[in-house]
Amino acid sequence: MFPIFQMSFHGMDPSPSVETQARDLAGRLEQFSDRISAIRVTVDPVHQRPRQGIIYRIRIEISAPGNRVVVNREPALDHAHEDIHAAIHDAFDVARRQLQDNGRHQARRGRLQAPPARGRIVRVFADRGYAFIADETGGEIYVHQNCVLGSGFARLKVGDPVRYLLDAEDGEQGPQARAVFPRAVAH
């Protein structure tokens, strides 16, 4: 579990079952970010409607180095938020999605900012407009002719050293280059 977990109940008595549920859901967030340093959950009954129950506002603050996620589940007139357990569950679902989105964004940013990797051309299909690079681990990277800079795709030969940048997402052929720098530009 992360170093700090705080649960606050404003305008109501603390509920051990709600706190247990929140701790359990908070623990599950670790699979989406291993850098979480603190989670603070606030439960606030905000509206009591005649002939109906209380609606709960849930606020979750998640802190991690260089990252902060804040979830404010405003109840509006959501009848599901009359059940405090449903309101907690909904808020943690939003937190999970935000952590997943942040993780994808950071991974994409990390790939785009990485320096060019080194490899060698292992197969060229000039008539089809693509080739493959062997990376340093022996894996293969797909290269479309439009991604080759410098001396161009037409001059690529098996064995040529290149540098390349990976695309943020794999294509149909698996990992794919978004830019390839042939030997003349690879220095």
# chains A, B, ... in the order shown; residues from 1 in each chain; ligands from 1
$ residues_around --residues "Pro182 (chain A)" --least-positions-apart "2" --cutoff "12 Å" --atoms "only C-alpha atoms" --output "VMD selection string"
chain A and resid 116 to 121 133 143 145 147 to 165 179 to 180 184 to 187
$ residues_around --residues "Phe9 (chain A)" --least-positions-apart "6" --cutoff "8 Å" --atoms "only C-alpha atoms" --output "PyMOL selection string"
chain A and resi 42-44
$ write_last_selection --atoms "C-alpha atoms" --output "mmCIF file, in the first residue's frame"
data_model
loop_
_atom_site.group_PDB
_atom_site.id
_atom_site.type_symbol
_atom_site.label_atom_id
_atom_site.label_comp_id
_atom_site.auth_asym_id
_atom_site.auth_seq_id
_atom_site.Cartn_x
_atom_site.Cartn_y
_atom_site.Cartn_z
ATOM 1 C CA THR A 42 -13.324 13.128 1.013
ATOM 2 C CA VAL A 43 -17.008 12.224 1.354
ATOM 3 C CA ASP A 44 -19.497 15.036 1.665
#
$ closest_residue --among "A:Leu25, A:Val46, A:Ala177, A:Ala168" --to "Asp135 (chain A)" --atoms "only C-alpha atoms"
A:Ala177
$ select_by_dssp --residues "region 6-175 of chain A" --states "strand (DSSP E or B)" --output "ChimeraX atom specification"
/A:6-9,38-48,54-64,67-73,117-125,130-134,140-144,148,161-166,171,174
$ residues_around --residues "Gln98 (chain A)" --least-positions-apart "2" --cutoff "12 Å" --atoms "only C-alpha atoms" --output "list in words"
Leu29, Phe32, Ser33, Ile60, Glu61, Ile62, Asn67, Arg68, Val69, Val70, Val71, Ala91, Phe92, Asp93, Val94, Ala95, Arg96, Gln100, Asp101, Asn102, Gly103, Arg104 and His105 of chain A
